[in-house]
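Visitor: Questions regarding the structure given below will be posed in turn.
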Amino acid sequence: MGFVGTDASGTKGNISDRSSREWCAEALTRLNAGRPESALDAARRAAELDPSAEWAHRLISLAHERLGRDADAVPAAELAVELARGSWPARLRLAAILRRVPGRWQEAVEHATMAGRFAPEEPDPDVLLGDLDLLRGDHAHAGRAYEAALAVGPEHPQARVNLGLALLRWDRPRPHHDPAWPVDPRETGRARRALEVWARQIRLVVALATVAIGLCALLLDWGAQAQLGGFAVLALLVPLTVRQARRVGVWSYVPGMFGRDPWLGAAVVSAVLSALAFAAWLLLGAMPARPSAFDPVWAGLAGIVVLGWPALAAVRALAEAWRGRPLRALKEFARAGPGERAARRNLRVTLWILLARTWSVLVPLVGGALAVEPRAAVAAVAVPYPMVRGYLRARAAVSPEGVQQGDQRSDRWLHAATGLVVLCAVASAAGGALGSAWAWRIGLGALGAAVLLFVARSALAWWRGGPGPWRSSLLMCDLPMGSAPSVALDTEVRQTFSYARSIVLAYGDSFGPRVAGAVASVTSSGELRVIAETEAWEAIEADPRVAVFAADPLQRRFWVEVRGIALADSDVLRVTPKHVLVGEFPGRHQRR
């Protein structure tokens, strides 16, 4: 015997419930319009009309988060979970806000994982789990989570953008801090700032002192006096060190900070080595009769002091250019669509990264060809291919209608730099093949002009305070989580469960689908309270997805099926609805 069913979305109901849901819908509209303060008022109005409406409390939490009030957002999200423990949007909302609270990171992971169990057909739980991994720097696990989300929702923009960041091995804004640490990130931020300032001051002071002592000794013949001044500078480093050490505060976390941010550790080690090299340089210079074998050592120590800082900066720039998989990241950014601001911005930054890679390959190739065999420069013509391929892919993805005026200005710098690098490759290849001096000059000139263009673009971004052509300008997509409407039970559904003589609970275990008789009632918040046999409880603990079926004896052909999440609470099962089906059994005319 067949039957016909229709979907009950919960738009019907009594006046109070309908008014509360209408206020929730209005709050969501205001949030999407970028008006969190007004949305907070609407969500509070909905909660006043129906205090058991968990959707209203989720929207209150989201509005507080948008306003930067994380501490105020947590209680509302926790109340939403308490009102509907099986609601995957409520779990997702609580996880999204707990990740911002020091010491509650693991709880955020647990709630996001639970949301994934409750709604495996939804991409958002996997996206949030990917975000949690990405913020901790676990790019491999983050990539797998985003791919799982895209398998469910291929058009999810946040999954696309953040998967591209995972492929680029993106550094979060505070790479030194582990979000799972119980310490406030502001404290580790102050510690990092103190260590950076100390390293910068030490390297700068000893570098300037080395240059000044060398000039005084060579040009003015004031070697002894200059050395005494050098020892005074060495003594000056002690109060500088003590002053910054007092600002660190969280010394127990410093080794972990170095492990998570190797460049911070490298800067501190470089400062220590510079100070030691400076002291050794002064001691060697103070020797009355220094052996001639010490002259190269003496000069080398001075080189470490003066050139250590720029050498470290050059190594870091080269390492960051060759980190990650930019071509695959470009593909993901392009598939996110031109309407996503973070995707457009990340596209441009990734193209600059590809440009830096191409330039770093051309420099040794062209330089080696000039020094050894000019005809080897013919290979330079193939070097820009990946860059040009990525550039064309990005241009095809971003339509002119989706590009703002500021983006167009930024693109002009990128157009010019790309053209210069391609010109360098072509001219150098022509110079190697034809032996043309002018071709070599054009190639080398284009190579240098590309550097000047990058410096000018960087200086302009710094001056305007906007995003520049570097990795730190990459932007993580962070859309609101947990704002989906809840499923309400209308009057007909409630009446069916109130008068039903028999209720059937369907669940699954290791042997397949099972059914059992049950007793159910509907609470004011729209949850079902179900009493069922013990075997059902054991199976539901492993898989909480259930369906509750009931028929209305007053309307003999009317039936209801509530699909939802069941969680144990004392001696009953609390079922949070995810989907409601209503329909009628066929009559005699339908059998024919």
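A note on labels: chains of the structure tokens are A, B, ... as shown, every chain counts residues from 1, and ligands are counted from 1 in their shown order.
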Which residues, written as a ChimeraX atom specification, have at least one atom at most 6 Å from region 199-214 of chain A, with only C-alpha atoms counted and residues fewer than 5 positions away on the same chain left out?
Guide: /A:226,268,271,305-306
Visitor: Within 10 Å of region 330-346 of chain A, which residues of region 467-520 of chain A show up? Give each one with its shortest atom-to-atom distance in Å (one decimal) and the two atoms involved, counting only C-alpha atoms, rows by chain then rising residue number, as CSV.
Guide:
```
residue,atom,partner,partner_atom,distance
A:Pro467,CA,A:Arg345,CA,8.5
A:Gly468,CA,A:Arg345,CA,9.9
A:Pro469,CA,A:Asn346,CA,9.9
A:Arg471,CA,A:Asn346,CA,9.1
A:Ser473,CA,A:Asn346,CA,7.8
A:Leu474,CA,A:Asn346,CA,5.3
A:Leu475,CA,A:Ala342,CA,5.6
A:Met476,CA,A:Ala342,CA,6.8
A:Cys477,CA,A:Ala342,CA,6.0
A:Asp478,CA,A:Ala342,CA,9.3
```
Visitor: Store the residues picked out above in a file with C-alpha atoms, as a PDB file, in the first residue's frame.
Guide:
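Written output follows (result.pdb):
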```
ATOM      1  CA  PRO A 467      46.742  44.385   1.615  1.00  0.00           C
ATOM      2  CA  GLY A 468      50.103  43.967  -0.057  1.00  0.00           C
ATOM      3  CA  PRO A 469      51.648  41.362  -2.378  1.00  0.00           C
ATOM      4  CA  ARG A 471      51.517  36.049   2.358  1.00  0.00           C
ATOM      5  CA  SER A 473      47.568  39.507   3.094  1.00  0.00           C
ATOM      6  CA  LEU A 474      45.894  36.134   2.523  1.00  0.00           C
ATOM      7  CA  LEU A 475      42.408  36.186   3.999  1.00  0.00           C
ATOM      8  CA  MET A 476      40.533  33.345   5.658  1.00  0.00           C
ATOM      9  CA  CYS A 477      36.847  33.037   4.798  1.00  0.00           C
ATOM     10  CA  ASP A 478      34.800  33.013   8.009  1.00  0.00           C
TER      11      ASP A 478
END
```
Visitor: Which residue is closest to His64 (chain A)? Choose from A:Leu347, A:Leu234, A:Ala43, A:Val580 and count only C-alpha atoms.
Guide: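 Going through A:Leu347, A:Leu234, A:Ala43, A:Val580 one by one, the smallest distance to His64 (chain A) is for A:Ala43.
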Visitor: Could you list, as a list in words, every residue within 6 Å of region 499-516 of chain A, counting only C-alpha atoms and ignoring same-chain residues fewer than 2 positions away?
Guide: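 Near neighbours after the sequence-gap exclusion: Thr496, Phe497, Ala518, Ala539, Val546, Ala547, Val548, Phe549, Ala550, Ala551 and Asp552 of chain A.
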Visitor: So that I can check the surroundings of region 374-389 of chain A, please list as a PyMOL selection string every protein, DNA and RNA residue that reaches within 6 Å of it, counting only C-alpha atoms and ignoring chain neighbours fewer than 6 positions away.
Guide: chain A and resi 354+366+425-426+429+432-433
Visitor: Apply DSSP to the backbone of this structure and, from region 10-175 of chain A, keep only the residues in alpha helix (DSSP H); write these as a PyMOL selection string.
Guide: chain A and resi 15-32+36-49+54-66+70-83+88-98+105-118+124-135+139-152+157-167
Visitor: For those residues, write C-alpha atoms to a file as a CSV table (one decimal), in the first residue's frame.
Guide:
```
chain,number,residue,atom,x,y,z
A,15,ILE,CA,0.2,33.2,16.8
A,16,SER,CA,2.9,33.4,19.5
A,17,ASP,CA,5.1,30.8,17.9
A,18,ARG,CA,4.7,32.3,14.4
A,19,SER,CA,5.5,35.8,15.7
A,20,SER,CA,8.7,34.5,17.4
A,21,ARG,CA,9.8,32.8,14.2
A,22,GLU,CA,9.1,35.9,12.2
A,23,TRP,CA,11.3,37.9,14.5
A,24,CYS,CA,14.0,35.3,14.1
A,25,ALA,CA,13.7,35.5,10.3
A,26,GLU,CA,13.9,39.3,10.6
A,27,ALA,CA,17.0,39.0,12.8
A,28,LEU,CA,18.7,36.8,10.3
A,29,THR,CA,17.9,39.2,7.5
A,30,ARG,CA,19.5,42.1,9.5
A,31,LEU,CA,22.6,40.0,10.2
A,32,ASN,CA,23.0,39.2,6.5
A,36,PRO,CA,24.2,43.1,14.0
A,37,GLU,CA,23.0,45.7,16.6
A,38,SER,CA,19.6,45.8,15.0
A,39,ALA,CA,19.6,42.0,14.6
A,40,LEU,CA,20.3,41.6,18.3
A,41,ASP,CA,17.2,43.6,19.1
A,42,ALA,CA,15.0,41.4,16.8
A,43,ALA,CA,16.5,38.2,18.2
A,44,ARG,CA,15.8,39.3,21.8
A,45,ARG,CA,12.2,40.1,20.8
A,46,ALA,CA,11.9,36.6,19.5
A,47,ALA,CA,13.3,35.1,22.7
A,48,GLU,CA,10.9,37.2,24.8
A,49,LEU,CA,7.9,35.9,22.8
A,54,GLU,CA,16.5,27.8,20.5
A,55,TRP,CA,16.8,29.5,17.1
A,56,ALA,CA,16.4,32.9,18.8
A,57,HIS,CA,19.2,32.2,21.2
A,58,ARG,CA,21.5,31.1,18.4
A,59,LEU,CA,20.8,34.4,16.6
A,60,ILE,CA,21.5,36.3,19.9
A,61,SER,CA,24.8,34.5,20.1
A,62,LEU,CA,25.7,35.3,16.5
A,63,ALA,CA,24.8,39.0,16.8
A,64,HIS,CA,27.0,39.3,19.9
A,65,GLU,CA,29.9,37.6,18.0
A,66,ARG,CA,29.5,40.0,15.1
A,70,ASP,CA,32.5,36.9,22.5
A,71,ALA,CA,31.9,36.6,26.3
A,72,ASP,CA,28.3,37.6,25.8
A,73,ALA,CA,27.8,35.2,22.9
A,74,VAL,CA,28.7,32.1,24.8
A,75,PRO,CA,25.8,31.9,27.3
A,76,ALA,CA,23.2,32.3,24.5
A,77,ALA,CA,24.8,29.5,22.5
A,78,GLU,CA,25.0,27.2,25.5
A,79,LEU,CA,21.3,27.9,26.3
A,80,ALA,CA,20.4,27.0,22.7
A,81,VAL,CA,22.2,23.7,23.1
A,82,GLU,CA,20.4,23.0,26.3
A,83,LEU,CA,17.0,23.7,24.7
A,88,TRP,CA,23.3,20.4,14.8
A,89,PRO,CA,23.0,24.2,14.1
A,90,ALA,CA,23.1,24.8,17.9
A,91,ARG,CA,26.2,22.6,18.4
A,92,LEU,CA,27.8,24.4,15.4
A,93,ARG,CA,27.0,27.8,16.9
A,94,LEU,CA,28.5,26.9,20.2
A,95,ALA,CA,31.6,25.4,18.6
A,96,ALA,CA,32.1,28.5,16.5
A,97,ILE,CA,32.1,30.8,19.5
A,98,LEU,CA,34.0,28.5,21.9
A,105,TRP,CA,39.2,24.9,22.3
A,106,GLN,CA,38.7,21.2,22.9
A,107,GLU,CA,35.1,21.7,23.7
A,108,ALA,CA,34.7,23.5,20.4
A,109,VAL,CA,36.2,20.5,18.6
A,110,GLU,CA,33.8,18.1,20.5
A,111,HIS,CA,30.7,20.1,19.6
A,112,ALA,CA,31.7,20.5,16.0
A,113,THR,CA,32.4,16.7,15.8
A,114,MET,CA,29.0,16.1,17.3
A,115,ALA,CA,27.3,18.4,14.8
A,116,GLY,CA,28.9,16.3,12.1
A,117,ARG,CA,27.4,13.1,13.7
A,118,PHE,CA,24.0,14.7,13.8
A,124,ASP,CA,29.1,23.1,7.6
A,125,PRO,CA,30.4,20.8,10.4
A,126,ASP,CA,33.3,19.6,8.2
A,127,VAL,CA,34.0,23.2,7.3
A,128,LEU,CA,34.2,24.2,10.9
A,129,LEU,CA,36.4,21.2,11.8
A,130,GLY,CA,38.7,22.3,8.9
A,131,ASP,CA,38.8,25.8,10.2
A,132,LEU,CA,39.8,24.5,13.6
A,133,ASP,CA,42.6,22.5,12.1
A,134,LEU,CA,43.7,25.4,9.8
A,135,LEU,CA,43.9,27.8,12.8
A,139,HIS,CA,47.1,22.0,7.0
A,140,ALA,CA,46.9,18.3,6.1
A,141,HIS,CA,43.9,17.5,8.4
A,142,ALA,CA,42.3,20.8,7.4
A,143,GLY,CA,42.5,19.9,3.7
A,144,ARG,CA,40.9,16.5,4.3
A,145,ALA,CA,38.1,18.2,6.2
A,146,TYR,CA,37.4,20.7,3.5
A,147,GLU,CA,37.4,18.0,0.8
A,148,ALA,CA,34.9,16.0,2.9
A,149,ALA,CA,32.7,19.2,3.1
A,150,LEU,CA,33.0,19.7,-0.7
A,151,ALA,CA,32.0,16.1,-1.3
A,152,VAL,CA,28.7,17.0,0.4
A,157,PRO,CA,32.5,29.1,-0.8
A,158,GLN,CA,34.1,28.9,2.6
A,159,ALA,CA,35.3,25.3,2.0
A,160,ARG,CA,36.8,26.4,-1.4
A,161,VAL,CA,38.6,29.4,-0.1
A,162,ASN,CA,40.0,27.8,3.0
A,163,LEU,CA,41.0,24.7,1.2
A,164,GLY,CA,43.1,27.0,-1.0
A,165,LEU,CA,44.7,28.4,2.2
A,166,ALA,CA,45.5,24.9,3.4
A,167,LEU,CA,47.1,24.1,0.1
```
Visitor: Could you check the closest approach to Ser458 (chain A) for each of A:Tyr253, A:Leu414, A:Gly34, A:Gly482 and tell me which residue wins, using only C-alpha atoms?
Guide: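 Going through A:Tyr253, A:Leu414, A:Gly34, A:Gly482 one by one, the smallest distance to Ser458 (chain A) is for A:Leu414.
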Visitor: Pick out the residues sitting within 7 Å of Trp198 (chain A), and hand them over as a short mmCIF file (atom, residue, chain, number, x, y, z; two decimals) with N, CA, C and O atoms, in the first residue's frame; count only C-alpha atoms, and ignore anything fewer than 4 positions along from it in its own chain.
Guide:
```
data_model
loop_
_atom_site.label_atom_id
_atom_site.label_comp_id
_atom_site.auth_asym_id
_atom_site.auth_seq_id
_atom_site.Cartn_x
_atom_site.Cartn_y
_atom_site.Cartn_z
N ALA A 194 57.50 41.48 22.67
CA ALA A 194 58.71 41.79 23.43
C ALA A 194 59.92 41.08 22.84
O ALA A 194 61.01 41.68 22.72
N ILE A 202 68.65 44.49 19.39
CA ILE A 202 70.00 43.93 19.52
C ILE A 202 70.71 43.92 18.18
O ILE A 202 71.87 44.35 18.05
N THR A 241 68.02 44.03 27.35
CA THR A 241 67.54 42.66 27.51
C THR A 241 66.63 42.53 28.73
O THR A 241 65.57 41.89 28.68
N GLN A 244 63.04 44.09 28.13
CA GLN A 244 62.11 43.30 27.33
C GLN A 244 61.77 41.97 27.99
O GLN A 244 60.66 41.45 27.81
#
```
Visitor: Rank nothing, just name the residue among A:Thr534, A:Ser87, A:Ser52, A:Thr350 nearest to Arg169 (chain A), using only C-alpha atoms.
Guide: A:Thr350
Visitor: Considering only C-alpha atoms, state which residue in the set A:Gly526, A:Phe585, A:Leu453, A:Gly517 is at the smallest distance from Ala53 (chain A).
Guide: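 With only C-alpha atoms as the atom set, the closest residue is A:Gly526.
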Visitor: Rounded to one decimal place, report the CA of Asp171 (chain A)-CA of Arg69 (chain A) distance in Å.
Guide: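 Between these atoms lies a distance of 25.2 Å.
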Visitor: Nearest residue to Pro102 (chain A) out of A:Ala180, A:Leu489, A:Leu528, A:Ala279, using only C-alpha atoms?
Guide: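 Distance minimum relative to Pro102 (chain A) lands on A:Ala180.
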Visitor: Tell me, as a count of residues only, which residues lie within 12 Å of region 258-264 of chain A, counting only C-alpha atoms; anything in the same chain fewer than 5 positions away does not count.
Guide: 38
Visitor: Using only C-alpha atoms, which residue out of A:Ala280, A:Pro123, A:Ser274, A:Gly68 lies closest to Arg100 (chain A)?
Guide: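 Once distances to Arg100 (chain A) are computed over only C-alpha atoms, the minimum belongs to A:Gly68.
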Visitor: Can you tell me, as a PyMOL selection string, what residues are no more than 8 Å from Gly249 (chain A) when counting only C-alpha atoms, ignoring any on the same chain fewer than 3 positions away?
Guide: chain A and resi 187+191+245-246
Visitor: Using Å and a single decimal, report how far CA of His415 (chain A) sits from CA of Leu460 (chain A).
Guide: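 These atoms are spaced 16.2 Å apart.
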